[in-house]
$ cat data.cif   # mmCIF, C-alpha atoms
data_entry
loop_
_atom_site.group_PDB
_atom_site.id
_atom_site.type_symbol
_atom_site.label_atom_id
_atom_site.label_comp_id
_atom_site.auth_asym_id
_atom_site.auth_seq_id
_atom_site.Cartn_x
_atom_site.Cartn_y
_atom_site.Cartn_z
ATOM 1 C CA MET A 1 97.012 131.472 148.000
ATOM 2 C CA VAL A 2 96.079 133.917 145.232
ATOM 3 C CA GLN A 3 99.092 135.107 143.282
ATOM 4 C CA HIS A 4 99.727 138.814 143.751
ATOM 5 C CA ASN A 5 99.208 140.860 140.616
ATOM 6 C CA VAL A 6 102.319 142.864 139.667
ATOM 7 C CA LYS A 7 101.539 146.498 138.881
ATOM 8 C CA HIS A 8 104.571 148.303 140.315
ATOM 9 C CA LEU A 9 108.088 147.105 139.519
ATOM 10 C CA THR A 10 111.349 148.586 140.822
ATOM 11 C CA VAL A 11 114.855 148.038 139.467
ATOM 12 C CA ILE A 12 117.758 148.705 141.831
ATOM 13 C CA GLY A 13 120.824 149.902 139.911
ATOM 14 C CA ALA A 14 120.878 152.062 136.772
ATOM 15 C CA GLY A 15 123.959 150.492 135.218
ATOM 16 C CA SER A 16 124.333 148.620 131.937
ATOM 17 C CA MET A 17 121.861 145.909 133.007
ATOM 18 C CA GLY A 18 119.488 147.751 135.322
ATOM 19 C CA HIS A 19 118.361 150.605 133.099
ATOM 20 C CA GLN A 20 117.570 148.254 130.218
ATOM 21 C CA ILE A 21 115.620 145.876 132.487
ATOM 22 C CA GLY A 22 113.707 148.949 133.629
ATOM 23 C CA MET A 23 112.830 149.829 130.042
ATOM 24 C CA LEU A 24 111.684 146.259 129.363
ATOM 25 C CA SER A 25 109.405 146.624 132.362
ATOM 26 C CA ALA A 26 108.009 149.969 131.197
ATOM 27 C CA LEU A 27 107.475 148.666 127.664
ATOM 28 C CA ALA A 28 105.521 145.776 129.223
ATOM 29 C CA GLY A 29 103.195 148.256 130.887
ATOM 30 C CA TYR A 30 104.422 148.071 134.479
ATOM 31 C CA ARG A 31 104.722 151.237 136.564
ATOM 32 C CA THR A 32 108.491 151.189 136.816
ATOM 33 C CA ILE A 33 111.022 152.979 139.004
ATOM 34 C CA ILE A 34 114.774 152.761 138.433
ATOM 35 C CA GLN A 35 116.714 153.553 141.615
ATOM 36 C CA ASP A 36 120.411 154.281 141.950
ATOM 37 C CA VAL A 37 122.547 156.014 144.575
ATOM 38 C CA SER A 38 124.081 158.188 141.853
ATOM 39 C CA GLU A 39 122.072 161.021 140.309
ATOM 40 C CA ASN A 40 124.569 161.100 137.444
ATOM 41 C CA SER A 41 124.045 157.396 136.730
ATOM 42 C CA LEU A 42 120.299 157.978 136.552
ATOM 43 C CA LYS A 43 120.718 160.886 134.129
ATOM 44 C CA ASN A 44 123.025 158.783 131.935
ATOM 45 C CA ALA A 45 120.563 155.886 132.067
ATOM 46 C CA GLU A 46 117.657 158.070 130.962
ATOM 47 C CA ALA A 47 119.691 159.586 128.128
ATOM 48 C CA SER A 48 120.840 156.134 126.998
ATOM 49 C CA LEU A 49 117.269 154.805 126.945
ATOM 50 C CA HIS A 50 116.048 157.772 124.887
ATOM 51 C CA SER A 51 118.875 157.111 122.418
ATOM 52 C CA ILE A 52 118.075 153.388 122.164
ATOM 53 C CA MET A 53 114.341 153.986 121.750
ATOM 54 C CA ASN A 54 114.991 156.612 119.065
ATOM 55 C CA ARG A 55 117.031 154.026 117.151
ATOM 56 C CA TRP A 56 114.161 151.549 117.538
ATOM 57 C CA ILE A 57 111.756 154.124 116.116
ATOM 58 C CA ALA A 58 114.094 154.726 113.159
ATOM 59 C CA LYS A 59 114.159 150.959 112.526
ATOM 60 C CA GLY A 60 110.386 150.635 112.822
ATOM 61 C CA LYS A 61 110.557 148.436 115.938
ATOM 62 C CA ILE A 62 108.298 150.775 117.937
ATOM 63 C CA THR A 63 106.311 153.945 117.290
ATOM 64 C CA GLU A 64 106.814 157.392 118.800
ATOM 65 C CA ASN A 65 103.588 156.893 120.760
ATOM 66 C CA GLU A 66 104.839 153.574 122.169
ATOM 67 C CA LYS A 67 108.058 155.257 123.261
ATOM 68 C CA MET A 68 106.144 158.087 124.944
ATOM 69 C CA LYS A 69 103.849 155.609 126.696
ATOM 70 C CA ALA A 70 106.823 153.623 128.022
ATOM 71 C CA PHE A 71 108.529 156.744 129.380
ATOM 72 C CA ASN A 72 105.260 157.767 131.027
ATOM 73 C CA TYR A 73 105.441 154.485 132.951
ATOM 74 C CA LEU A 74 109.107 155.056 133.875
ATOM 75 C CA SER A 75 110.615 157.210 136.626
ATOM 76 C CA PHE A 76 114.025 157.595 138.262
ATOM 77 C CA THR A 77 115.043 158.253 141.866
ATOM 78 C CA VAL A 78 117.969 158.088 144.294
ATOM 79 C CA ASP A 79 115.569 157.478 147.203
ATOM 80 C CA LEU A 80 115.383 153.743 147.932
ATOM 81 C CA GLU A 81 112.416 153.974 150.290
ATOM 82 C CA GLU A 82 110.450 155.972 147.729
ATOM 83 C CA ALA A 83 111.408 153.481 145.024
ATOM 84 C CA VAL A 84 110.123 150.358 146.768
ATOM 85 C CA HIS A 85 107.332 151.393 149.133
ATOM 86 C CA GLN A 86 104.663 150.357 146.572
ATOM 87 C CA ALA A 87 106.679 147.720 144.709
ATOM 88 C CA ASP A 88 105.168 144.334 143.929
ATOM 89 C CA LEU A 89 108.451 143.083 142.459
ATOM 90 C CA VAL A 90 111.974 144.424 142.969
ATOM 91 C CA ILE A 91 114.777 143.365 140.620
ATOM 92 C CA GLU A 92 118.243 144.043 142.010
ATOM 93 C CA ALA A 93 120.928 144.784 139.413
ATOM 94 C CA VAL A 94 123.877 146.144 141.387
ATOM 95 C CA THR A 95 127.540 145.132 141.236
ATOM 96 C CA GLU A 96 128.336 141.413 141.231
ATOM 97 C CA LYS A 97 129.536 141.238 144.850
ATOM 98 C CA LEU A 98 127.708 139.168 147.450
ATOM 99 C CA GLU A 99 128.214 141.569 150.349
ATOM 100 C CA VAL A 100 126.847 144.494 148.307
ATOM 101 C CA LYS A 101 123.775 142.522 147.257
ATOM 102 C CA ARG A 102 123.086 141.356 150.824
ATOM 103 C CA GLU A 103 123.280 144.960 152.027
ATOM 104 C CA VAL A 104 120.772 146.002 149.360
ATOM 105 C CA PHE A 105 118.388 143.186 150.322
ATOM 106 C CA GLN A 106 118.585 144.162 153.997
ATOM 107 C CA LYS A 107 117.417 147.643 153.043
ATOM 108 C CA LEU A 108 114.710 146.242 150.772
ATOM 109 C CA GLU A 109 113.404 144.162 153.674
ATOM 110 C CA LYS A 110 113.086 147.346 155.728
ATOM 111 C CA PHE A 111 111.282 149.470 153.138
ATOM 112 C CA ALA A 112 109.267 147.112 150.883
ATOM 113 C CA PRO A 113 105.742 145.810 151.658
ATOM 114 C CA ALA A 114 105.393 142.293 153.059
ATOM 115 C CA HIS A 115 104.030 140.908 149.764
ATOM 116 C CA THR A 116 106.922 142.185 147.618
ATOM 117 C CA ILE A 117 108.949 139.635 145.660
ATOM 118 C CA PHE A 118 112.733 140.203 145.641
ATOM 119 C CA ALA A 119 114.659 139.082 142.546
ATOM 120 C CA THR A 120 118.379 139.293 141.887
ATOM 121 C CA ASN A 121 119.772 139.683 138.392
ATOM 122 C CA SER A 122 123.070 138.153 139.481
ATOM 123 C CA SER A 123 124.820 136.299 136.688
ATOM 124 C CA THR A 124 126.374 133.757 139.042
ATOM 125 C CA ILE A 125 125.349 134.155 142.717
ATOM 126 C CA VAL A 126 122.565 131.802 143.839
ATOM 127 C CA ASN A 127 119.698 133.550 145.613
ATOM 128 C CA SER A 128 119.958 131.450 148.775
ATOM 129 C CA LEU A 129 123.230 133.241 149.602
ATOM 130 C CA ILE A 130 121.373 136.573 149.483
ATOM 131 C CA ALA A 131 117.938 135.616 150.835
ATOM 132 C CA GLY A 132 119.246 135.244 154.392
ATOM 133 C CA ALA A 133 119.469 139.035 154.551
ATOM 134 C CA THR A 134 115.638 139.062 154.509
ATOM 135 C CA LYS A 135 112.777 137.496 156.442
ATOM 136 C CA ARG A 136 111.088 136.287 153.246
ATOM 137 C CA LYS A 137 113.263 133.528 151.759
ATOM 138 C CA ASP A 138 110.191 132.103 150.011
ATOM 139 C CA LYS A 139 109.800 135.379 148.097
ATOM 140 C CA VAL A 140 113.400 135.548 146.778
ATOM 141 C CA VAL A 141 114.375 134.309 143.311
ATOM 142 C CA ASN A 142 117.001 134.744 140.597
ATOM 143 C CA MET A 143 115.927 136.508 137.397
ATOM 144 C CA HIS A 144 119.099 136.463 135.317
ATOM 145 C CA PHE A 145 118.702 138.659 132.245
ATOM 146 C CA PHE A 146 121.472 138.604 129.647
ATOM 147 C CA PHE A 147 123.419 141.573 128.332
ATOM 148 C CA PRO A 148 122.076 143.646 126.698
ATOM 149 C CA PRO A 149 118.591 142.927 128.108
ATOM 150 C CA LEU A 150 116.764 144.924 125.421
ATOM 151 C CA LEU A 151 118.209 142.615 122.757
ATOM 152 C CA MET A 152 118.803 139.255 124.440
ATOM 153 C CA ASP A 153 115.751 136.995 124.526
ATOM 154 C CA CYS A 154 116.453 134.805 127.561
ATOM 155 C CA VAL A 155 116.048 134.926 131.335
ATOM 156 C CA GLU A 156 117.200 132.199 133.731
ATOM 157 C CA VAL A 157 114.681 132.046 136.598
ATOM 158 C CA VAL A 158 116.310 130.072 139.418
ATOM 159 C CA MET A 159 114.644 128.715 142.563
ATOM 160 C CA SER A 160 116.355 127.884 145.828
ATOM 161 C CA ARG A 161 114.990 125.247 148.221
ATOM 162 C CA ASP A 162 113.116 128.067 149.952
ATOM 163 C CA THR A 163 111.709 129.835 146.874
ATOM 164 C CA SER A 164 107.971 129.195 146.626
ATOM 165 C CA GLU A 165 106.270 127.951 143.483
ATOM 166 C CA GLU A 166 104.120 131.097 143.606
ATOM 167 C CA THR A 167 107.230 133.294 143.522
ATOM 168 C CA ALA A 168 108.701 131.351 140.603
ATOM 169 C CA ASP A 169 105.397 131.480 138.702
ATOM 170 C CA LEU A 170 105.205 135.240 139.198
ATOM 171 C CA ALA A 171 108.765 135.724 137.918
ATOM 172 C CA MET A 172 108.029 133.580 134.866
ATOM 173 C CA GLU A 173 104.850 135.536 134.116
ATOM 174 C CA VAL A 174 106.705 138.872 134.343
ATOM 175 C CA CYS A 175 109.279 137.572 131.858
ATOM 176 C CA ARG A 176 106.514 136.517 129.468
ATOM 177 C CA ARG A 177 104.890 139.932 129.710
ATOM 178 C CA MET A 178 108.296 141.477 128.929
ATOM 179 C CA ASN A 179 108.335 139.274 125.816
ATOM 180 C CA ARG A 180 111.329 137.306 127.056
ATOM 181 C CA THR A 181 111.889 133.546 126.931
ATOM 182 C CA ALA A 182 112.195 132.411 130.544
ATOM 183 C CA VAL A 183 113.679 129.062 131.572
ATOM 184 C CA LEU A 184 112.893 127.821 135.081
ATOM 185 C CA LEU A 185 115.730 126.095 136.950
ATOM 186 C CA LYS A 186 114.564 124.308 140.087
ATOM 187 C CA LYS A 187 118.050 123.480 141.349
ATOM 188 C CA GLU A 188 120.627 126.074 142.347
ATOM 189 C CA ILE A 189 124.197 126.008 141.088
ATOM 190 C CA SER A 190 126.670 128.869 140.913
ATOM 191 C CA GLY A 191 126.696 130.382 137.415
ATOM 192 C CA PHE A 192 123.445 128.610 136.470
ATOM 193 C CA VAL A 193 123.514 127.113 132.931
ATOM 194 C CA ALA A 194 124.629 129.682 130.359
ATOM 195 C CA ASN A 195 127.511 131.153 132.339
ATOM 196 C CA ARG A 196 128.850 127.756 133.396
ATOM 197 C CA ILE A 197 129.060 126.721 129.739
ATOM 198 C CA LEU A 198 130.426 130.136 128.771
ATOM 199 C CA GLY A 199 132.908 130.024 131.669
ATOM 200 C CA ALA A 200 134.298 126.700 130.465
ATOM 201 C CA LEU A 201 134.769 128.169 126.981
ATOM 202 C CA GLN A 202 136.389 131.333 128.358
ATOM 203 C CA LYS A 203 138.718 129.365 130.614
ATOM 204 C CA GLU A 204 139.991 127.275 127.711
ATOM 205 C CA ALA A 205 140.296 130.337 125.451
ATOM 206 C CA VAL A 206 142.406 132.209 128.009
ATOM 207 C CA TYR A 207 144.536 129.087 128.633
ATOM 208 C CA LEU A 208 145.291 128.834 124.903
ATOM 209 C CA TYR A 209 146.137 132.547 124.822
ATOM 210 C CA GLU A 210 148.388 132.445 127.906
ATOM 211 C CA GLU A 211 150.164 129.327 126.610
ATOM 212 C CA GLY A 212 150.956 131.160 123.373
ATOM 213 C CA VAL A 213 149.021 128.687 121.221
ATOM 214 C CA ALA A 214 147.150 131.518 119.505
ATOM 215 C CA ASP A 215 146.602 135.255 119.830
ATOM 216 C CA PHE A 216 143.260 136.383 121.302
ATOM 217 C CA LYS A 217 142.196 137.742 117.903
ATOM 218 C CA GLU A 218 142.916 134.395 116.282
ATOM 219 C CA ILE A 219 140.973 132.538 118.973
ATOM 220 C CA ASP A 220 137.978 134.839 118.456
ATOM 221 C CA LEU A 221 138.234 134.352 114.691
ATOM 222 C CA ILE A 222 138.256 130.561 115.002
ATOM 223 C CA CYS A 223 135.225 130.633 117.330
ATOM 224 C CA ARG A 224 133.325 132.804 114.869
ATOM 225 C CA LYS A 225 134.278 130.938 111.699
ATOM 226 C CA ALA A 226 134.612 127.329 112.872
ATOM 227 C CA LEU A 227 132.036 127.232 115.690
ATOM 228 C CA ASN A 228 129.683 129.818 114.149
ATOM 229 C CA HIS A 229 129.617 131.884 117.343
ATOM 230 C CA PRO A 230 128.374 135.453 116.750
ATOM 231 C CA ILE A 231 131.351 136.857 118.669
ATOM 232 C CA GLY A 232 134.464 135.304 120.193
ATOM 233 C CA PRO A 233 135.146 134.805 123.927
ATOM 234 C CA PHE A 234 137.497 137.797 124.180
ATOM 235 C CA GLU A 235 135.055 140.036 122.311
ATOM 236 C CA LEU A 236 132.327 138.866 124.684
ATOM 237 C CA MET A 237 134.454 139.719 127.724
ATOM 238 C CA ASP A 238 134.876 143.233 126.308
ATOM 239 C CA LEU A 239 131.132 143.500 125.733
ATOM 240 C CA SER A 240 130.169 142.371 129.248
ATOM 241 C CA GLY A 241 133.062 144.149 130.962
ATOM 242 C CA LEU A 242 136.328 142.653 132.148
ATOM 243 C CA ASP A 243 135.577 143.864 135.665
ATOM 244 C CA VAL A 244 132.353 141.847 135.578
ATOM 245 C CA ALA A 245 134.281 138.775 134.390
ATOM 246 C CA ALA A 246 136.722 139.222 137.283
ATOM 247 C CA PHE A 247 133.904 139.699 139.845
ATOM 248 C CA VAL A 248 132.110 136.573 138.613
ATOM 249 C CA MET A 249 135.243 134.420 138.835
ATOM 250 C CA GLU A 250 136.167 135.799 142.257
ATOM 251 C CA GLN A 251 132.679 135.016 143.555
ATOM 252 C CA ARG A 252 132.873 131.497 142.127
ATOM 253 C CA TYR A 253 136.278 131.031 143.805
ATOM 254 C CA GLN A 254 134.880 132.257 147.153
ATOM 255 C CA GLU A 255 132.125 129.646 146.875
ATOM 256 C CA THR A 256 134.212 126.697 145.681
ATOM 257 C CA GLY A 257 137.708 127.365 147.042
ATOM 258 C CA ASP A 258 139.027 125.850 143.789
ATOM 259 C CA PRO A 259 142.148 127.737 142.566
ATOM 260 C CA GLU A 260 141.014 126.959 139.012
ATOM 261 C CA ASP A 261 138.119 129.359 139.583
ATOM 262 C CA LYS A 262 140.312 132.355 140.436
ATOM 263 C CA PRO A 263 140.177 135.313 138.011
ATOM 264 C CA PHE A 264 142.641 135.048 135.123
ATOM 265 C CA PRO A 265 145.883 137.011 135.746
ATOM 266 C CA CYS A 266 145.696 138.602 132.278
ATOM 267 C CA VAL A 267 142.137 139.791 133.011
ATOM 268 C CA LEU A 268 143.086 141.188 136.431
ATOM 269 C CA LYS A 269 145.971 143.064 134.820
ATOM 270 C CA LYS A 270 143.602 144.783 132.403
ATOM 271 C CA VAL A 271 141.120 145.581 135.175
ATOM 272 C CA ASN A 272 143.892 147.145 137.277
ATOM 273 C CA GLN A 273 144.864 149.252 134.257
ATOM 274 C CA GLY A 274 141.265 150.431 133.865
ATOM 275 C CA GLU A 275 140.886 148.583 130.545
ATOM 276 C CA LEU A 276 137.394 147.192 131.120
ATOM 277 C CA GLY A 277 136.216 146.703 127.538
ATOM 278 C CA ARG A 278 133.725 148.618 125.449
ATOM 279 C CA LYS A 279 132.546 150.824 128.316
ATOM 280 C CA THR A 280 136.020 152.329 128.766
ATOM 281 C CA GLY A 281 136.985 152.260 125.093
ATOM 282 C CA LYS A 282 139.701 149.643 125.589
ATOM 283 C CA GLY A 283 139.845 146.040 126.756
ATOM 284 C CA TRP A 284 141.205 143.237 124.630
ATOM 285 C CA TYR A 285 140.318 145.471 121.695
ATOM 286 C CA THR A 286 140.207 149.255 121.292
ATOM 287 C CA TYR A 287 136.869 150.953 120.641
ATOM 288 C CA GLU A 288 135.533 154.375 119.851
ATOM 289 C CA LYS A 289 133.293 155.326 122.775
ATOM 290 C CA ALA A 290 129.623 155.306 121.857
ATOM 291 C CA LYS A 291 127.819 158.618 121.827
ATOM 292 C CA ASN A 292 124.256 158.879 123.126
#
$ encode --input "data.cif" --output "structure tokens"
Amino acid sequence: MVQHNVKHLTVIGAGSMGHQIGMLSALAGYRTIIQDVSENSLKNAEASLHSIMNRWIAKGKITENEKMKAFNYLSFTVDLEEAVHQADLVIEAVTEKLEVKREVFQKLEKFAPAHTIFATNSSTIVNSLIAGATKRKDKVVNMHFFFPPLLMDCVEVVMSRDTSEETADLAMEVCRRMNRTAVLLKKEISGFVANRILGALQKEAVYLYEEGVADFKEIDLICRKALNHPIGPFELMDLSGLDVAAFVMEQRYQETGDPEDKPFPCVLKKVNQGELGRKTGKGWYTYEKAKN
């Protein structure tokens, strides 16, 4: 079978991951649509991307013409049917909850052409748990970009037993065109590679904090100075979002049933208080909110 040529790419979700994946797509020359149910989220996403691209221009990373060309390839809509009716590849980047993702994929199945590949950007949920919401399990794959996608040079492309080689090859080629290093994983496991290793580090860091062995700032400092990590585990939770950390652990717990996989009580406390990290101005640390 001849591999379908990707010309139109749609990203579902204009949040912290989705809008940046959309810009990567537009910069790569794909006709790109970012869809979200919230008009306000789309406006914020567009403003954020203009701000980021302007900083890139100031740093000499791209030219004004390259920015204009990318935005000419990029559009925004709240209409899901409009967003996917011509799509060759759809990348879902909604909240990290299985039932929400399955609902999105059911709608994608209804509106997208038969040839369209469906990818999930989930950071932990294997695609086989989502693919059952469609009639095209062979065309479903994980494309796990890392936060923030415009800076992080890695994508975990994960196959299920049903994912076809053609689908995986297409996902890998899209990553290459986006100038991202893609690693193909042919065996599913919750959390994939990076987040399983990171999760083990986070779990031990929180244990040491809750046991009173060291303060979270001291743990971050040791990880930076002794292990040469760019940021510590608590700083990373703030960067990704404590709500995301809680969602990921809850999903892992639902899959494994292991009490050790439940979200950390100290993290849940912060989430319940609305202290989600950098995006709210306070998490483990306090931040000045970024201005676009």
$ resolve_selection --input "data.cif" --expression "the PyMOL selection byres ((chain A and resi 164) around 12)" --output "list in words"
Met1, Gln3, Ile117, Arg136, Lys137, Asp138, Lys139, Val140, Val141, Val158, Met159, Ser160, Arg161, Asp162, Thr163, Glu165, Glu166, Thr167, Ala168, Asp169, Leu170, Ala171 and Lys186 of chain A
$ resolve_selection --input "data.cif" --expression "the PyMOL selection byres ((chain A and resi 104-106) around 10)" --output "list in words"
Ile12, Leu80, Val90, Glu92, Val94, Leu98, Glu99, Val100, Lys101, Arg102, Glu103, Lys107, Leu108, Glu109, Lys110, Phe111, Ala112, Phe118, Ala119, Thr120, Ile130, Ala131, Gly132, Ala133, Thr134, Lys135 and Val140 of chain A
$ write_last_selection --input "data.cif" --atoms "C-alpha atoms" --output "CSV table (one decimal), in the frame of the given file"
chain,number,residue,atom,x,y,z
A,12,ILE,CA,117.8,148.7,141.8
A,80,LEU,CA,115.4,153.7,147.9
A,90,VAL,CA,112.0,144.4,143.0
A,92,GLU,CA,118.2,144.0,142.0
A,94,VAL,CA,123.9,146.1,141.4
A,98,LEU,CA,127.7,139.2,147.4
A,99,GLU,CA,128.2,141.6,150.3
A,100,VAL,CA,126.8,144.5,148.3
A,101,LYS,CA,123.8,142.5,147.3
A,102,ARG,CA,123.1,141.4,150.8
A,103,GLU,CA,123.3,145.0,152.0
A,107,LYS,CA,117.4,147.6,153.0
A,108,LEU,CA,114.7,146.2,150.8
A,109,GLU,CA,113.4,144.2,153.7
A,110,LYS,CA,113.1,147.3,155.7
A,111,PHE,CA,111.3,149.5,153.1
A,112,ALA,CA,109.3,147.1,150.9
A,118,PHE,CA,112.7,140.2,145.6
A,119,ALA,CA,114.7,139.1,142.5
A,120,THR,CA,118.4,139.3,141.9
A,130,ILE,CA,121.4,136.6,149.5
A,131,ALA,CA,117.9,135.6,150.8
A,132,GLY,CA,119.2,135.2,154.4
A,133,ALA,CA,119.5,139.0,154.6
A,134,THR,CA,115.6,139.1,154.5
A,135,LYS,CA,112.8,137.5,156.4
A,140,VAL,CA,113.4,135.5,146.8
$ resolve_selection --input "data.cif" --expression "the PyMOL selection byres ((chain A and resi 88) around 9)" --output "NGL selection string"
:A and (4-10 or 84 or 86-87 or 89-90 or 112-113 or 115-118)
$ residues_around --input "data.cif" --residues "Arg180 (chain A)" --least-positions-apart "2" --cutoff "7 Å" --atoms "only C-alpha atoms" --output "count of residues only"
7
$ atom_distance --input "data.cif" --atom1 "CA of His144 (chain A)" --atom2 "CA of Ser123 (chain A)"
5.9 Å
$ residues_around --input "data.cif" --residues "Ala70 (chain A)" --least-positions-apart "6" --cutoff "12 Å" --atoms "only C-alpha atoms" --output "PyMOL selection string"
chain A and resi 22-33+49-50+53+62-64
$ atom_distance --input "data.cif" --atom1 "CA of Arg55 (chain A)" --atom2 "CA of Glu235 (chain A)"
23.4 Å
$ atom_distance --input "data.cif" --atom1 "CA of Ile197 (chain A)" --atom2 "CA of Pro263 (chain A)"
16.3 Å
$ closest_residue --input "data.cif" --among "A:Arg252, A:Lys217, A:His85, A:Lys225" --to "Asn195 (chain A)" --atoms "only C-alpha atoms"
A:Arg252
$ closest_residue --input "data.cif" --among "A:Trp56, A:Tyr287, A:Phe145, A:Tyr209" --to "Ala194 (chain A)" --atoms "only C-alpha atoms"
A:Phe145
$ closest_residue --input "data.cif" --among "A:Gly212, A:Gly13, A:Gly191, A:Gly281" --to "Thr77 (chain A)" --atoms "only C-alpha atoms"
A:Gly13
$ residues_around --input "data.cif" --residues "Cys223 (chain A)" --least-positions-apart "2" --cutoff "12 Å" --atoms "all atoms listed in the file" --output "ChimeraX atom specification"
/A:201-202,204-205,216-221,225-236
$ closest_residue --input "data.cif" --among "A:His19, A:Lys270, A:Lys203, A:Lys67" --to "Leu42 (chain A)" --atoms "all atoms listed in the file"
A:His19
$ residues_near_point --input "data.cif" --point "(134.7, 129.5, 143.1)" --cutoff "7 Å" --atoms "all atoms listed in the file" --output "PyMOL selection string"
chain A and resi 249-258+261-262
$ closest_residue --input "data.cif" --among "A:Ala45, A:Leu184, A:Ala214, A:Ile21" --to "Asn121 (chain A)" --atoms "all atoms listed in the file"
A:Ile21
$ residues_around --input "data.cif" --residues "Ser122 (chain A)" --least-positions-apart "6" --cutoff "8 Å" --atoms "all atoms listed in the file" --output "list of chain:residue names"
A:Ala93, A:Glu96, A:Asn142, A:Met143, A:His144
$ residues_around --input "data.cif" --residues "Gly283 (chain A)" --least-positions-apart "4" --cutoff "12 Å" --atoms "only C-alpha atoms" --output "ChimeraX atom specification"
/A:216,234-243,245,266-279,287-288
$ write_last_selection --input "data.cif" --atoms "C-alpha atoms" --output "PDB file, in the coordinates of the input"
ATOM      1  CA  PHE A 216     143.260 136.383 121.302  1.00  0.00           C
ATOM      2  CA  PHE A 234     137.497 137.797 124.180  1.00  0.00           C
ATOM      3  CA  GLU A 235     135.055 140.036 122.311  1.00  0.00           C
ATOM      4  CA  LEU A 236     132.327 138.866 124.684  1.00  0.00           C
ATOM      5  CA  MET A 237     134.454 139.719 127.724  1.00  0.00           C
ATOM      6  CA  ASP A 238     134.876 143.233 126.308  1.00  0.00           C
ATOM      7  CA  LEU A 239     131.132 143.500 125.733  1.00  0.00           C
ATOM      8  CA  SER A 240     130.169 142.371 129.248  1.00  0.00           C
ATOM      9  CA  GLY A 241     133.062 144.149 130.962  1.00  0.00           C
ATOM     10  CA  LEU A 242     136.328 142.653 132.148  1.00  0.00           C
ATOM     11  CA  ASP A 243     135.577 143.864 135.665  1.00  0.00           C
ATOM     12  CA  ALA A 245     134.281 138.775 134.390  1.00  0.00           C
ATOM     13  CA  CYS A 266     145.696 138.602 132.278  1.00  0.00           C
ATOM     14  CA  VAL A 267     142.137 139.791 133.011  1.00  0.00           C
ATOM     15  CA  LEU A 268     143.086 141.188 136.431  1.00  0.00           C
ATOM     16  CA  LYS A 269     145.971 143.064 134.820  1.00  0.00           C
ATOM     17  CA  LYS A 270     143.602 144.783 132.403  1.00  0.00           C
ATOM     18  CA  VAL A 271     141.120 145.581 135.175  1.00  0.00           C
ATOM     19  CA  ASN A 272     143.892 147.145 137.277  1.00  0.00           C
ATOM     20  CA  GLN A 273     144.864 149.252 134.257  1.00  0.00           C
ATOM     21  CA  GLY A 274     141.265 150.431 133.865  1.00  0.00           C
ATOM     22  CA  GLU A 275     140.886 148.583 130.545  1.00  0.00           C
ATOM     23  CA  LEU A 276     137.394 147.192 131.120  1.00  0.00           C
ATOM     24  CA  GLY A 277     136.216 146.703 127.538  1.00  0.00           C
ATOM     25  CA  ARG A 278     133.725 148.618 125.449  1.00  0.00           C
ATOM     26  CA  LYS A 279     132.546 150.824 128.316  1.00  0.00           C
ATOM     27  CA  TYR A 287     136.869 150.953 120.641  1.00  0.00           C
ATOM     28  CA  GLU A 288     135.533 154.375 119.851  1.00  0.00           C
TER      29      GLU A 288
END
$ closest_residue --input "data.cif" --among "A:Glu260, A:Ile34, A:Val126, A:Phe192" --to "Leu74 (chain A)" --atoms "all atoms listed in the file"
A:Ile34
